[in-house]
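What follows is the content of structure_11.txt (compact mmCIF, N, CA and C atoms).
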# COMPACT_ATOMS: atom_id res chain seq x y z
N MET I 9 38.64 -98.31 181.96
CA MET I 9 39.03 -99.21 180.90
C MET I 9 39.67 -98.40 179.78
N ILE I 10 40.83 -98.81 179.36
CA ILE I 10 41.55 -98.13 178.29
C ILE I 10 41.30 -98.89 176.99
N THR I 11 40.88 -98.15 175.97
CA THR I 11 40.68 -98.77 174.67
C THR I 11 41.71 -98.23 173.69
N SER I 12 42.08 -99.04 172.75
CA SER I 12 43.06 -98.60 171.76
C SER I 12 42.36 -97.79 170.68
N PRO I 13 43.10 -96.94 170.00
CA PRO I 13 42.49 -96.19 168.90
C PRO I 13 41.95 -97.10 167.80
N ALA I 14 42.59 -98.24 167.60
CA ALA I 14 42.13 -99.17 166.56
C ALA I 14 40.76 -99.74 166.90
N SER I 15 40.53 -100.09 168.17
CA SER I 15 39.22 -100.64 168.53
C SER I 15 38.16 -99.54 168.50
N SER I 16 38.53 -98.32 168.86
CA SER I 16 37.59 -97.20 168.75
C SER I 16 37.23 -96.95 167.29
N ALA I 17 38.22 -97.03 166.42
CA ALA I 17 37.98 -96.84 164.99
C ALA I 17 37.07 -97.92 164.44
N LEU I 18 37.28 -99.15 164.87
CA LEU I 18 36.43 -100.25 164.42
C LEU I 18 34.99 -100.04 164.86
N ASN I 19 34.79 -99.63 166.10
CA ASN I 19 33.44 -99.37 166.59
C ASN I 19 32.79 -98.22 165.83
N LEU I 20 33.55 -97.18 165.56
CA LEU I 20 33.03 -96.02 164.83
C LEU I 20 32.67 -96.40 163.39
N MET I 21 33.52 -97.19 162.75
CA MET I 21 33.25 -97.62 161.38
C MET I 21 32.01 -98.51 161.33
N ASN I 22 31.85 -99.39 162.32
CA ASN I 22 30.68 -100.25 162.39
C ASN I 22 29.41 -99.42 162.56
N SER I 23 29.47 -98.44 163.44
CA SER I 23 28.33 -97.55 163.66
C SER I 23 27.99 -96.78 162.39
N ALA I 24 28.99 -96.29 161.69
CA ALA I 24 28.77 -95.55 160.45
C ALA I 24 28.15 -96.43 159.39
N GLN I 25 28.58 -97.68 159.33
CA GLN I 25 28.04 -98.61 158.34
C GLN I 25 26.56 -98.87 158.59
N HIS I 26 26.19 -99.07 159.85
CA HIS I 26 24.79 -99.30 160.18
C HIS I 26 23.94 -98.06 159.91
N LYS I 27 24.48 -96.90 160.24
CA LYS I 27 23.76 -95.64 160.00
C LYS I 27 23.52 -95.43 158.51
N ALA I 28 24.54 -95.70 157.71
CA ALA I 28 24.40 -95.54 156.26
C ALA I 28 23.40 -96.54 155.68
N ALA I 29 23.42 -97.77 156.17
CA ALA I 29 22.48 -98.78 155.69
C ALA I 29 21.05 -98.39 156.02
N ASP I 30 20.81 -97.93 157.25
CA ASP I 30 19.47 -97.51 157.63
C ASP I 30 18.99 -96.33 156.80
N ALA I 31 19.88 -95.38 156.55
CA ALA I 31 19.51 -94.20 155.77
C ALA I 31 19.20 -94.56 154.33
N THR I 32 19.99 -95.44 153.74
CA THR I 32 19.74 -95.82 152.34
C THR I 32 18.44 -96.60 152.21
N GLN I 33 18.12 -97.41 153.20
CA GLN I 33 16.83 -98.11 153.17
C GLN I 33 15.67 -97.13 153.26
N ALA I 34 15.81 -96.11 154.11
CA ALA I 34 14.76 -95.09 154.24
C ALA I 34 14.58 -94.33 152.93
N ILE I 35 15.68 -93.99 152.29
CA ILE I 35 15.61 -93.26 151.01
C ILE I 35 14.99 -94.15 149.94
N ALA I 36 15.34 -95.42 149.92
CA ALA I 36 14.82 -96.34 148.90
C ALA I 36 13.32 -96.54 149.01
N ARG I 37 12.75 -96.34 150.19
CA ARG I 37 11.32 -96.54 150.38
C ARG I 37 10.47 -95.36 149.91
N PHE I 38 11.09 -94.23 149.59
CA PHE I 38 10.31 -93.07 149.14
C PHE I 38 9.75 -93.32 147.75
N PRO I 39 8.49 -92.91 147.52
CA PRO I 39 7.90 -93.09 146.18
C PRO I 39 8.57 -92.16 145.17
N ILE I 40 8.63 -92.63 143.94
CA ILE I 40 9.27 -91.84 142.90
C ILE I 40 8.21 -91.20 141.98
N ALA I 41 7.17 -91.93 141.69
CA ALA I 41 6.13 -91.43 140.79
C ALA I 41 4.77 -91.54 141.45
N ASN I 42 3.80 -90.78 140.96
CA ASN I 42 2.46 -90.79 141.54
C ASN I 42 1.78 -92.15 141.39
N ASP I 43 2.10 -92.89 140.33
CA ASP I 43 1.45 -94.18 140.12
C ASP I 43 2.18 -95.34 140.81
N GLU I 44 3.22 -95.02 141.53
CA GLU I 44 3.98 -96.05 142.25
C GLU I 44 3.17 -96.54 143.45
N VAL I 45 3.29 -97.80 143.75
CA VAL I 45 2.60 -98.38 144.91
C VAL I 45 3.17 -97.77 146.17
N GLY I 46 2.33 -97.40 147.08
CA GLY I 46 2.77 -96.79 148.32
C GLY I 46 2.17 -95.41 148.47
N SER I 47 2.68 -94.67 149.37
CA SER I 47 2.15 -93.35 149.66
C SER I 47 2.55 -92.35 148.57
N ALA I 48 1.54 -91.72 147.98
CA ALA I 48 1.83 -90.68 146.99
C ALA I 48 2.00 -89.33 147.67
N GLU I 49 1.63 -89.27 148.93
CA GLU I 49 1.73 -88.02 149.69
C GLU I 49 2.99 -88.03 150.53
N TYR I 50 3.96 -87.29 150.12
CA TYR I 50 5.17 -87.13 150.91
C TYR I 50 5.77 -85.77 150.59
N SER I 51 6.57 -85.32 151.47
CA SER I 51 7.23 -84.03 151.29
C SER I 51 8.70 -84.27 151.03
N SER I 52 9.28 -83.43 150.19
CA SER I 52 10.71 -83.59 149.91
C SER I 52 11.54 -83.36 151.17
N SER I 53 10.96 -82.65 152.14
CA SER I 53 11.69 -82.45 153.40
C SER I 53 11.82 -83.74 154.19
N ASP I 54 11.01 -84.75 153.85
CA ASP I 54 11.14 -86.06 154.50
C ASP I 54 12.48 -86.73 154.17
N LEU I 55 13.07 -86.32 153.08
CA LEU I 55 14.37 -86.90 152.68
C LEU I 55 15.54 -86.29 153.44
N VAL I 56 15.32 -85.17 154.11
CA VAL I 56 16.42 -84.47 154.76
C VAL I 56 17.08 -85.32 155.85
N LYS I 57 16.28 -85.94 156.69
CA LYS I 57 16.85 -86.72 157.81
C LYS I 57 17.72 -87.87 157.32
N PRO I 58 17.26 -88.72 156.38
CA PRO I 58 18.15 -89.80 155.91
C PRO I 58 19.39 -89.30 155.18
N ILE I 59 19.25 -88.19 154.46
CA ILE I 59 20.43 -87.64 153.77
C ILE I 59 21.44 -87.13 154.79
N LEU I 60 20.96 -86.49 155.84
CA LEU I 60 21.87 -86.04 156.90
C LEU I 60 22.52 -87.23 157.60
N SER I 61 21.78 -88.32 157.77
CA SER I 61 22.36 -89.53 158.36
C SER I 61 23.48 -90.08 157.49
N LEU I 62 23.29 -90.02 156.18
CA LEU I 62 24.36 -90.47 155.27
C LEU I 62 25.60 -89.59 155.42
N LYS I 63 25.40 -88.28 155.55
CA LYS I 63 26.53 -87.37 155.73
C LYS I 63 27.23 -87.64 157.05
N GLU I 64 26.45 -87.90 158.11
CA GLU I 64 27.05 -88.24 159.40
C GLU I 64 27.88 -89.51 159.29
N ALA I 65 27.36 -90.50 158.56
CA ALA I 65 28.09 -91.76 158.38
C ALA I 65 29.40 -91.51 157.64
N GLU I 66 29.37 -90.62 156.65
CA GLU I 66 30.59 -90.28 155.92
C GLU I 66 31.62 -89.64 156.85
N ILE I 67 31.16 -88.72 157.69
CA ILE I 67 32.07 -88.04 158.63
C ILE I 67 32.62 -89.01 159.66
N GLU I 68 31.77 -89.91 160.16
CA GLU I 68 32.23 -90.92 161.12
C GLU I 68 33.25 -91.85 160.49
N SER I 69 33.05 -92.23 159.24
CA SER I 69 34.01 -93.10 158.54
C SER I 69 35.34 -92.39 158.38
N SER I 70 35.29 -91.12 158.04
CA SER I 70 36.52 -90.34 157.89
C SER I 70 37.26 -90.24 159.23
N ALA I 71 36.51 -90.04 160.30
CA ALA I 71 37.12 -89.97 161.63
C ALA I 71 37.76 -91.31 162.01
N ALA I 72 37.10 -92.41 161.64
CA ALA I 72 37.65 -93.73 161.95
C ALA I 72 38.96 -93.95 161.20
N VAL I 73 39.02 -93.51 159.96
CA VAL I 73 40.26 -93.65 159.18
C VAL I 73 41.38 -92.83 159.83
N LYS I 74 41.06 -91.63 160.28
CA LYS I 74 42.07 -90.79 160.93
C LYS I 74 42.55 -91.43 162.23
N LEU I 75 41.63 -92.08 162.96
CA LEU I 75 42.03 -92.79 164.18
C LEU I 75 43.01 -93.92 163.85
N LEU I 76 42.72 -94.66 162.78
CA LEU I 76 43.61 -95.75 162.38
C LEU I 76 44.98 -95.22 161.95
N GLU I 77 44.98 -94.10 161.23
CA GLU I 77 46.26 -93.51 160.83
C GLU I 77 47.06 -93.04 162.05
N THR I 78 46.38 -92.46 163.02
CA THR I 78 47.04 -92.02 164.24
C THR I 78 47.61 -93.20 165.01
N ASP I 79 46.84 -94.29 165.09
CA ASP I 79 47.30 -95.49 165.77
C ASP I 79 48.54 -96.05 165.09
N LYS I 80 48.52 -96.06 163.75
CA LYS I 80 49.69 -96.54 162.99
C LYS I 80 50.91 -95.67 163.28
N ASP I 81 50.70 -94.35 163.29
CA ASP I 81 51.81 -93.44 163.57
C ASP I 81 52.35 -93.62 164.99
N MET I 82 51.45 -93.83 165.95
CA MET I 82 51.89 -94.03 167.34
C MET I 82 52.71 -95.30 167.48
N ILE I 83 52.26 -96.37 166.83
CA ILE I 83 52.99 -97.62 166.90
C ILE I 83 54.36 -97.47 166.22
N GLY I 84 54.39 -96.78 165.08
CA GLY I 84 55.66 -96.53 164.40
C GLY I 84 56.61 -95.72 165.26
N SER I 85 56.08 -94.73 165.97
CA SER I 85 56.92 -93.91 166.86
C SER I 85 57.48 -94.75 168.01
N LEU I 86 56.67 -95.66 168.52
CA LEU I 86 57.14 -96.53 169.60
C LEU I 86 58.28 -97.43 169.12
N PHE I 87 58.13 -97.98 167.90
CA PHE I 87 59.18 -98.83 167.37
C PHE I 87 60.45 -98.02 167.11
N ASP I 88 60.29 -96.80 166.64
CA ASP I 88 61.46 -95.95 166.39
C ASP I 88 62.17 -95.62 167.71
N ALA I 89 61.41 -95.39 168.76
CA ALA I 89 62.01 -95.05 170.06
C ALA I 89 62.72 -96.26 170.66
N MET I 90 62.25 -97.46 170.36
CA MET I 90 62.83 -98.67 170.93
C MET I 90 64.13 -99.07 170.21
N SER I 91 64.30 -98.60 168.98
CA SER I 91 65.51 -99.04 168.24
C SER I 91 66.63 -98.06 168.32

Show the structure stored in the file as structure tokens.
Amino acid sequence: MITSPASSALNLMNSAQHKAADATQAIARFPIANDEVGSAEYSSSDLVKPILSLKEAEIESSAAVKLLETDKDMIGSLFDAMS
């Protein structure tokens, strides 16, 4: 099955959006102060995984944009070759 770069970019952007949403929810659940409701026992290293997920989402979004730009350039080249 052949997929277009635009559909691959859409899938990648969708995946990045879900990854970023999950990571931000995980970060939002961390306690800020000792008197905050919830677990007062946590390690700052617990934040590493969601922060890395946010960075991955950023990289995936950038890759999706580059795919869309490449698709646009390919279509433009095809039109130029046809005229």

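As for CA of Ala24 in chain I and CA of Asp81 in chain I, they are spaced 23.3 Å apart.
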
*Top pick for closest residue to Lys27 in chain I, considering I:Ser85, I:Ser61, I:Ser12, I:Ser70 and counting all atoms listed in the file*: I:Ser61

*Interatomic distance between atom N of Asn19 in chain I and atom N of Ile59 in chain I?*
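Separation of atom N of Asn19 in chain I and atom N of Ile59 in chain I: 22.5 Å.
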
_Selected residue, from I:Ala72, I:Leu18, I:Thr11, I:Leu60, that lies nearest to Ala31 in chain I when counting only N, CA and C atoms_ =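 Ranked by minimum distance to Ala31 in chain I, first place goes to I:Leu60.
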
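For Thr32 in chain I, the residues within 8 Å (counting all atoms listed in the file, excluding itself and residues fewer than 3 positions away along the chain) are His26, Lys27, Ala28, Ala29, Ile35, Ala36, Arg37, Pro58, Ile59, Ser61 and Leu62 of chain I.
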
_Point-to-point distance from CA of Ala14 in chain I to atom C of Glu64 in chain I, Å rounded to tenths_ = 18.7 Å

*List the residues sitting within 9 Å of (31.0, -92.0, 161.7) in the file's frame, using only C-alpha atoms, as a PyMOL selection string.*
chain I and resi 20-25+27+63-72
